[in-house]
Every structure is written in C-alpha cells, then in structure tokens.
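**Q** For reference, the structure I am asking about is given below.
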Amino acid sequence: MGRPSRPLLTRDGIMRAALALVDEEGAAALSTTRIAARLGVKGPSLYNYVSSRDEIIAGVSDLIVAEMDLDPTVQPWTAALDAWARSYRAALTRHPNMVPLLASRPTRSLAALQAYACAFTMLRQAGWPEDHVLPVVQSLEYLLIGSALHLDHPHGTAWTDETLPPGLEPLRSAPPDFREQAFETGLAALLSSFRQTLHDLQTGETG
C-alpha cells in the first residue's frame, strides 16, 4: 500500500494562501497556523519553506508588487510615473487589509526593491540629480499609501449639526467619489511640482 497523499507545499503556494487569508480575514489573522490550516498541513511544515512571519509578509508584498506596472520606456517620465502610481494604488485597493502591514514595516520585498531601482534609473535618465530621486519616489508613495489607507474609512455619517463647527460644508456635502477626486488632485499636483522642480534644477545648472 502506498503512503497517504499529502498536500504539495511550495513557497509560492504559501504566499498566495497568506495573501488570501489576509484579504478575507484581515492582517490579524496572519499566522503560520492559519496559513497551514488553509493548505491542509500542520504549522511546522511551513518552516521548511519560510523562516518567519516577516518573511511571509515580504513574500506577500512581492505578490502585490507584481500587480504594479512601472514601464520606464513610457515617455515622458511624468507619464511613466502617472501610470505607475495608478497601478500601484489599484494593487493596494485590491488588497486593503495588507496596506497597514506594508506601511508599518521596512521594505524587505525583493520585488519592491527592484521596482525602486527601476524608478531611480528612470528618474536619473530624465535628468534628476542623485539626491532628488529618493524624495521624488517616496513622496509619491506617501500619497498612494495614504490614499489606500483612507479608502475604507467611514465618512462621518453619525455627525450631527450640534457636534460640528461651522464652515464644514465641503466635508459634509462631499460626493461619494470624493476620495477619488482627492487622489486625482494630489497626483496632478505632485506631477506638476516634479516637472517644475526638474525644470528649475536644470535651468539653474545650465544658466
């Protein structure tokens, strides 16, 4: 008689099970025990493939980064940043329960580091000085992560006239898509500022 069949484990399968778990139940549910249960194995079996919860989070981050698209061949460079920002936010929107985890930890994802390297190279080729490439990328990320963190926040429906100070009409009468409007406004403002800053830097260098 042959041995009883056992579920086939792979590192990729573990990461995908972890992402599905967080998507469905939230970041608090992320544990090797819960992931193993989804895969039909015992918790210690996972340690043949991953060493810690932090490694799992980094692996899940790789999956999310793979859903983002940074194409450095797109011209001009502001169009490449615009497209990357939209795909970045869309990926976070598909996995909102992962956003607090990603925002609160140092980047250990190899895919994320490769994306940074690609973005830095693109900005250098566009003429950005070396000491500006990181601030440009991170200021864009701050907008994207902040926007994603805010997606599921309730819009103060319990407020009453008695508890509100005067002058809050824009907030009280905000349309259903005000978060999208805020994202579009912020992204446009950042890209316009980047474009002007690079122009000023280049004018100063050559003038």
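Ordering of the structure tokens sets the chain letters (A, B, ...); residue numbers start at 1 within each chain; ligands are numbered from 1 in the order shown.
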Could you give me, as a ChimeraX atom specification, the residues within 10 Å of range 21-24 of chain A, counting only C-alpha atoms and dropping anything in the same chain fewer than 2 positions from it?

**A** /A:15-19,26-31,34-35,38,60,94-98

**Q** Any idea what's packed within 8 Å of range 123-137 of chain A, counting only C-alpha atoms, ignoring anything in its chain fewer than 4 positions away? Could you give it as a VMD selection string?

**A** chain A and resid 77 116 119 141 194 198 202

**Q** Save the residues we just selected, all heavy atoms, as a PDB file, in the first residue's frame?

**A**
ATOM      1  N   TRP A  77       8.702  61.051 -18.773  1.00  0.00           N
ATOM      2  CA  TRP A  77       8.860  60.351 -17.498  1.00  0.00           C
ATOM      3  C   TRP A  77       7.678  60.597 -16.567  1.00  0.00           C
ATOM      4  O   TRP A  77       7.337  59.726 -15.761  1.00  0.00           O
ATOM      5  CB  TRP A  77      10.175  60.774 -16.835  1.00  0.00           C
ATOM      6  CG  TRP A  77      10.267  62.251 -16.527  1.00  0.00           C
ATOM      7  CD1 TRP A  77      10.746  63.225 -17.351  1.00  0.00           C
ATOM      8  CD2 TRP A  77       9.862  62.904 -15.321  1.00  0.00           C
ATOM      9  NE1 TRP A  77      10.659  64.457 -16.741  1.00  0.00           N
ATOM     10  CE2 TRP A  77      10.134  64.288 -15.486  1.00  0.00           C
ATOM     11  CE3 TRP A  77       9.317  62.473 -14.123  1.00  0.00           C
ATOM     12  CZ2 TRP A  77       9.866  65.232 -14.498  1.00  0.00           C
ATOM     13  CZ3 TRP A  77       9.046  63.410 -13.125  1.00  0.00           C
ATOM     14  CH2 TRP A  77       9.322  64.766 -13.318  1.00  0.00           C
ATOM     15  N   TYR A 116      11.996  49.928  -6.979  1.00  0.00           N
ATOM     16  CA  TYR A 116      12.696  51.162  -6.608  1.00  0.00           C
ATOM     17  C   TYR A 116      13.873  51.408  -7.545  1.00  0.00           C
ATOM     18  O   TYR A 116      14.079  52.523  -8.036  1.00  0.00           O
ATOM     19  CB  TYR A 116      13.225  51.070  -5.171  1.00  0.00           C
ATOM     20  CG  TYR A 116      12.209  51.308  -4.094  1.00  0.00           C
ATOM     21  CD1 TYR A 116      12.231  50.553  -2.924  1.00  0.00           C
ATOM     22  CD2 TYR A 116      11.244  52.303  -4.204  1.00  0.00           C
ATOM     23  CE1 TYR A 116      11.317  50.764  -1.906  1.00  0.00           C
ATOM     24  CE2 TYR A 116      10.324  52.521  -3.196  1.00  0.00           C
ATOM     25  CZ  TYR A 116      10.362  51.747  -2.044  1.00  0.00           C
ATOM     26  OH  TYR A 116       9.461  51.962  -1.043  1.00  0.00           O
ATOM     27  N   ALA A 119      12.690  52.651 -10.843  1.00  0.00           N
ATOM     28  CA  ALA A 119      12.216  54.035 -10.764  1.00  0.00           C
ATOM     29  C   ALA A 119      13.387  55.004 -10.650  1.00  0.00           C
ATOM     30  O   ALA A 119      13.398  56.063 -11.295  1.00  0.00           O
ATOM     31  CB  ALA A 119      11.271  54.196  -9.571  1.00  0.00           C
ATOM     32  N   GLU A 141       4.903  57.759  -3.106  1.00  0.00           N
ATOM     33  CA  GLU A 141       4.421  56.623  -2.321  1.00  0.00           C
ATOM     34  C   GLU A 141       3.592  57.074  -1.117  1.00  0.00           C
ATOM     35  O   GLU A 141       2.616  56.409  -0.749  1.00  0.00           O
ATOM     36  CB  GLU A 141       5.586  55.767  -1.841  1.00  0.00           C
ATOM     37  CG  GLU A 141       6.117  54.813  -2.885  1.00  0.00           C
ATOM     38  CD  GLU A 141       6.956  53.721  -2.268  1.00  0.00           C
ATOM     39  OE1 GLU A 141       7.908  54.062  -1.525  1.00  0.00           O
ATOM     40  OE2 GLU A 141       6.672  52.547  -2.505  1.00  0.00           O
ATOM     41  N   PHE A 194       6.786  68.132  -9.589  1.00  0.00           N
ATOM     42  CA  PHE A 194       8.004  67.436 -10.027  1.00  0.00           C
ATOM     43  C   PHE A 194       8.528  68.032 -11.331  1.00  0.00           C
ATOM     44  O   PHE A 194       9.725  68.289 -11.480  1.00  0.00           O
ATOM     45  CB  PHE A 194       7.722  65.945 -10.245  1.00  0.00           C
ATOM     46  CG  PHE A 194       7.420  65.162  -9.004  1.00  0.00           C
ATOM     47  CD1 PHE A 194       6.766  63.943  -9.106  1.00  0.00           C
ATOM     48  CD2 PHE A 194       7.789  65.620  -7.748  1.00  0.00           C
ATOM     49  CE1 PHE A 194       6.488  63.196  -7.975  1.00  0.00           C
ATOM     50  CE2 PHE A 194       7.508  64.882  -6.606  1.00  0.00           C
ATOM     51  CZ  PHE A 194       6.853  63.672  -6.722  1.00  0.00           C
ATOM     52  N   LEU A 198      12.186  69.894 -11.633  1.00  0.00           N
ATOM     53  CA  LEU A 198      13.255  69.451 -12.530  1.00  0.00           C
ATOM     54  C   LEU A 198      13.644  70.556 -13.499  1.00  0.00           C
ATOM     55  O   LEU A 198      14.820  70.764 -13.773  1.00  0.00           O
ATOM     56  CB  LEU A 198      12.808  68.188 -13.288  1.00  0.00           C
ATOM     57  CG  LEU A 198      13.847  67.624 -14.269  1.00  0.00           C
ATOM     58  CD1 LEU A 198      15.150  67.271 -13.543  1.00  0.00           C
ATOM     59  CD2 LEU A 198      13.301  66.401 -14.998  1.00  0.00           C
ATOM     60  N   GLN A 202      17.394  72.102 -13.741  1.00  0.00           N
ATOM     61  CA  GLN A 202      18.144  72.084 -14.994  1.00  0.00           C
ATOM     62  C   GLN A 202      18.470  73.495 -15.463  1.00  0.00           C
ATOM     63  O   GLN A 202      19.545  73.751 -15.996  1.00  0.00           O
ATOM     64  CB  GLN A 202      17.368  71.314 -16.053  1.00  0.00           C
ATOM     65  CG  GLN A 202      17.280  69.829 -15.753  1.00  0.00           C
ATOM     66  CD  GLN A 202      16.431  69.072 -16.759  1.00  0.00           C
ATOM     67  OE1 GLN A 202      15.510  69.629 -17.345  1.00  0.00           O
ATOM     68  NE2 GLN A 202      16.744  67.806 -16.971  1.00  0.00           N
TER      69      GLN A 202
END

**Q** When you count only C-alpha atoms, which of these residues is closest to Tyr142 in chain A: A:Gly186, A:Gly40, A:Pro176, A:Gly59?

**A**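 The answer is A:Gly186, which sits nearest to Tyr142 in chain A.
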
**Q** For range 70-128 of chain A against range 52-56 of chain A, with a cut-off of 12 Å and counting only C-alpha atoms, what is the closest atom pair and its distance in Å to one decimal for every residue that makes the cut, ordered by chain and number, as a Markdown table?

**A**
| residue | atom | partner | partner_atom | distance |
| --- | --- | --- | --- | --- |
| A:Met98 | CA | A:Ile56 | CA | 12.0 |
| A:Leu101 | CA | A:Asp54 | CA | 10.1 |
| A:Leu102 | CA | A:Asp54 | CA | 10.8 |
| A:Ser104 | CA | A:Asp54 | CA | 11.9 |
| A:Arg105 | CA | A:Asp54 | CA | 9.2 |
| A:Pro106 | CA | A:Asp54 | CA | 10.3 |
| A:Thr107 | CA | A:Asp54 | CA | 10.6 |
| A:Arg108 | CA | A:Glu55 | CA | 8.2 |
| A:Ser109 | CA | A:Glu55 | CA | 8.7 |
| A:Leu110 | CA | A:Glu55 | CA | 11.0 |

**Q** Residues as selected, all heavy atoms, written as a PDB file, in the first residue's frame, can you do that?

**A**
ATOM      1  N   MET A  98      -3.792  44.481   3.600  1.00  0.00           N
ATOM      2  CA  MET A  98      -2.335  44.396   3.665  1.00  0.00           C
ATOM      3  C   MET A  98      -1.681  45.758   3.810  1.00  0.00           C
ATOM      4  O   MET A  98      -0.512  45.849   4.208  1.00  0.00           O
ATOM      5  CB  MET A  98      -1.779  43.715   2.414  1.00  0.00           C
ATOM      6  CG  MET A  98      -1.760  42.198   2.446  1.00  0.00           C
ATOM      7  SD  MET A  98      -0.720  41.514   3.769  1.00  0.00           S
ATOM      8  CE  MET A  98       0.908  42.155   3.325  1.00  0.00           C
ATOM      9  N   LEU A 101       0.071  46.717   7.122  1.00  0.00           N
ATOM     10  CA  LEU A 101       1.285  45.918   7.317  1.00  0.00           C
ATOM     11  C   LEU A 101       2.432  46.438   6.462  1.00  0.00           C
ATOM     12  O   LEU A 101       3.563  46.565   6.928  1.00  0.00           O
ATOM     13  CB  LEU A 101       1.020  44.454   6.969  1.00  0.00           C
ATOM     14  CG  LEU A 101       0.356  43.577   8.026  1.00  0.00           C
ATOM     15  CD1 LEU A 101       0.126  42.175   7.473  1.00  0.00           C
ATOM     16  CD2 LEU A 101       1.178  43.516   9.291  1.00  0.00           C
ATOM     17  N   LEU A 102       2.144  46.733   5.209  1.00  0.00           N
ATOM     18  CA  LEU A 102       3.187  47.208   4.303  1.00  0.00           C
ATOM     19  C   LEU A 102       3.685  48.586   4.712  1.00  0.00           C
ATOM     20  O   LEU A 102       4.871  48.889   4.582  1.00  0.00           O
ATOM     21  CB  LEU A 102       2.650  47.244   2.871  1.00  0.00           C
ATOM     22  CG  LEU A 102       2.174  45.910   2.298  1.00  0.00           C
ATOM     23  CD1 LEU A 102       1.634  46.106   0.891  1.00  0.00           C
ATOM     24  CD2 LEU A 102       3.292  44.885   2.306  1.00  0.00           C
ATOM     25  N   SER A 104       3.825  49.889   7.701  1.00  0.00           N
ATOM     26  CA  SER A 104       4.426  49.979   9.031  1.00  0.00           C
ATOM     27  C   SER A 104       5.745  49.241   9.162  1.00  0.00           C
ATOM     28  O   SER A 104       6.325  49.202  10.246  1.00  0.00           O
ATOM     29  CB  SER A 104       3.441  49.438  10.079  1.00  0.00           C
ATOM     30  OG  SER A 104       3.172  48.061   9.849  1.00  0.00           O
ATOM     31  N   ARG A 105       6.234  48.663   8.064  1.00  0.00           N
ATOM     32  CA  ARG A 105       7.454  47.867   8.126  1.00  0.00           C
ATOM     33  C   ARG A 105       8.481  48.320   7.105  1.00  0.00           C
ATOM     34  O   ARG A 105       8.114  48.801   6.040  1.00  0.00           O
ATOM     35  CB  ARG A 105       7.131  46.383   7.871  1.00  0.00           C
ATOM     36  CG  ARG A 105       6.285  45.760   8.964  1.00  0.00           C
ATOM     37  CD  ARG A 105       5.742  44.412   8.541  1.00  0.00           C
ATOM     38  NE  ARG A 105       4.997  43.810   9.629  1.00  0.00           N
ATOM     39  CZ  ARG A 105       5.520  42.947  10.492  1.00  0.00           C
ATOM     40  NH1 ARG A 105       6.771  42.589  10.363  1.00  0.00           N
ATOM     41  NH2 ARG A 105       4.797  42.449  11.477  1.00  0.00           N
ATOM     42  N   PRO A 106       9.766  48.146   7.417  1.00  0.00           N
ATOM     43  CA  PRO A 106      10.790  48.419   6.408  1.00  0.00           C
ATOM     44  C   PRO A 106      10.591  47.502   5.202  1.00  0.00           C
ATOM     45  O   PRO A 106      10.122  46.370   5.342  1.00  0.00           O
ATOM     46  CB  PRO A 106      12.108  48.094   7.129  1.00  0.00           C
ATOM     47  CG  PRO A 106      11.778  48.037   8.577  1.00  0.00           C
ATOM     48  CD  PRO A 106      10.337  47.669   8.688  1.00  0.00           C
ATOM     49  N   THR A 107      10.974  47.988   4.030  1.00  0.00           N
ATOM     50  CA  THR A 107      10.811  47.198   2.810  1.00  0.00           C
ATOM     51  C   THR A 107      11.818  46.065   2.777  1.00  0.00           C
ATOM     52  O   THR A 107      13.032  46.292   2.769  1.00  0.00           O
ATOM     53  CB  THR A 107      10.990  48.087   1.570  1.00  0.00           C
ATOM     54  OG1 THR A 107      10.026  49.121   1.601  1.00  0.00           O
ATOM     55  CG2 THR A 107      10.815  47.278   0.302  1.00  0.00           C
ATOM     56  N   ARG A 108      11.316  44.819   2.792  1.00  0.00           N
ATOM     57  CA  ARG A 108      12.180  43.648   2.653  1.00  0.00           C
ATOM     58  C   ARG A 108      11.849  42.853   1.380  1.00  0.00           C
ATOM     59  O   ARG A 108      12.482  41.847   1.109  1.00  0.00           O
ATOM     60  CB  ARG A 108      12.043  42.739   3.878  1.00  0.00           C
ATOM     61  CG  ARG A 108      12.578  43.357   5.165  1.00  0.00           C
ATOM     62  CD  ARG A 108      12.635  42.328   6.280  1.00  0.00           C
ATOM     63  NE  ARG A 108      13.261  42.859   7.475  1.00  0.00           N
ATOM     64  CZ  ARG A 108      12.595  43.448   8.457  1.00  0.00           C
ATOM     65  NH1 ARG A 108      11.285  43.590   8.379  1.00  0.00           N
ATOM     66  NH2 ARG A 108      13.233  43.910   9.520  1.00  0.00           N
ATOM     67  N   SER A 109      10.851  43.312   0.667  1.00  0.00           N
ATOM     68  CA  SER A 109      10.420  42.616  -0.541  1.00  0.00           C
ATOM     69  C   SER A 109      11.421  42.850  -1.663  1.00  0.00           C
ATOM     70  O   SER A 109      11.719  43.993  -2.016  1.00  0.00           O
ATOM     71  CB  SER A 109       9.031  43.117  -0.961  1.00  0.00           C
ATOM     72  OG  SER A 109       8.784  42.852  -2.315  1.00  0.00           O
ATOM     73  N   LEU A 110      11.939  41.768  -2.230  1.00  0.00           N
ATOM     74  CA  LEU A 110      12.886  41.901  -3.345  1.00  0.00           C
ATOM     75  C   LEU A 110      12.220  42.560  -4.536  1.00  0.00           C
ATOM     76  O   LEU A 110      12.827  43.406  -5.210  1.00  0.00           O
ATOM     77  CB  LEU A 110      13.419  40.517  -3.736  1.00  0.00           C
ATOM     78  CG  LEU A 110      14.409  40.491  -4.908  1.00  0.00           C
ATOM     79  CD1 LEU A 110      15.626  41.348  -4.615  1.00  0.00           C
ATOM     80  CD2 LEU A 110      14.819  39.053  -5.226  1.00  0.00           C
TER      81      LEU A 110
END

**Q** Mind the document's chain letters and residue numbers, and return as a PyMOL selection string the residues of range 8-128 of chain A that DSSP labels alpha helix (DSSP H).

**A** chain A and resi 11-25+32-39+53-65+77-94+99-103+110-126

**Q** Of the residues A:Ala148, A:Met68, A:Val74, A:Leu8, which is the one nearest to Pro100 in chain A, using only C-alpha atoms?

**A** A:Ala148

**Q** At a cut-off of 9 Å, using only C-alpha atoms, what residues contact range 44-47 of chain A? Leave out same-chain residues fewer than 6 positions from it and give the result as a PyMOL selection string.

**A** chain A and resi 9-11+14+32-33+35-36

**Q** Those selected residues, please, written with N, CA and C atoms and delivered as a CSV table (one decimal), in the first residue's frame.

**A**
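In the end it all went to selection-v2.csv:
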chain,number,residue,atom,x,y,z
A,9,LEU,N,3.4,21.3,-0.9
A,9,LEU,CA,3.7,22.7,-0.5
A,9,LEU,C,4.7,23.3,-1.4
A,10,THR,N,4.6,24.6,-1.7
A,10,THR,CA,5.6,25.4,-2.3
A,10,THR,C,5.6,26.7,-1.7
A,11,ARG,N,6.7,27.4,-1.8
A,11,ARG,CA,6.8,28.7,-1.2
A,11,ARG,C,5.8,29.7,-1.8
A,14,ILE,N,2.4,29.0,-0.4
A,14,ILE,CA,2.3,29.5,1.0
A,14,ILE,C,2.0,31.0,0.9
A,32,THR,N,1.3,31.4,10.9
A,32,THR,CA,1.6,30.1,10.2
A,32,THR,C,0.6,29.0,10.5
A,33,THR,N,0.0,29.1,11.7
A,33,THR,CA,-1.1,28.1,12.0
A,33,THR,C,-2.2,28.2,11.0
A,35,ILE,N,-2.3,29.8,8.1
A,35,ILE,CA,-2.0,29.5,6.7
A,35,ILE,C,-1.9,28.0,6.5
A,36,ALA,N,-1.3,27.3,7.4
A,36,ALA,CA,-1.1,25.9,7.3
A,36,ALA,C,-2.5,25.2,7.2

**Q** Just how far from CA of Glu67 in chain A is CA of Cys118 in chain A, in Å to one decimal?

**A**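 Going from CA of Cys118 in chain A over to CA of Glu67 in chain A covers 15.4 Å.
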
**Q** One number please: CA of Leu81 in chain A to CA of Leu191 in chain A, in Å, one decimal.

**A**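 CA of Leu191 in chain A lies at a distance of 8.1 Å from CA of Leu81 in chain A.
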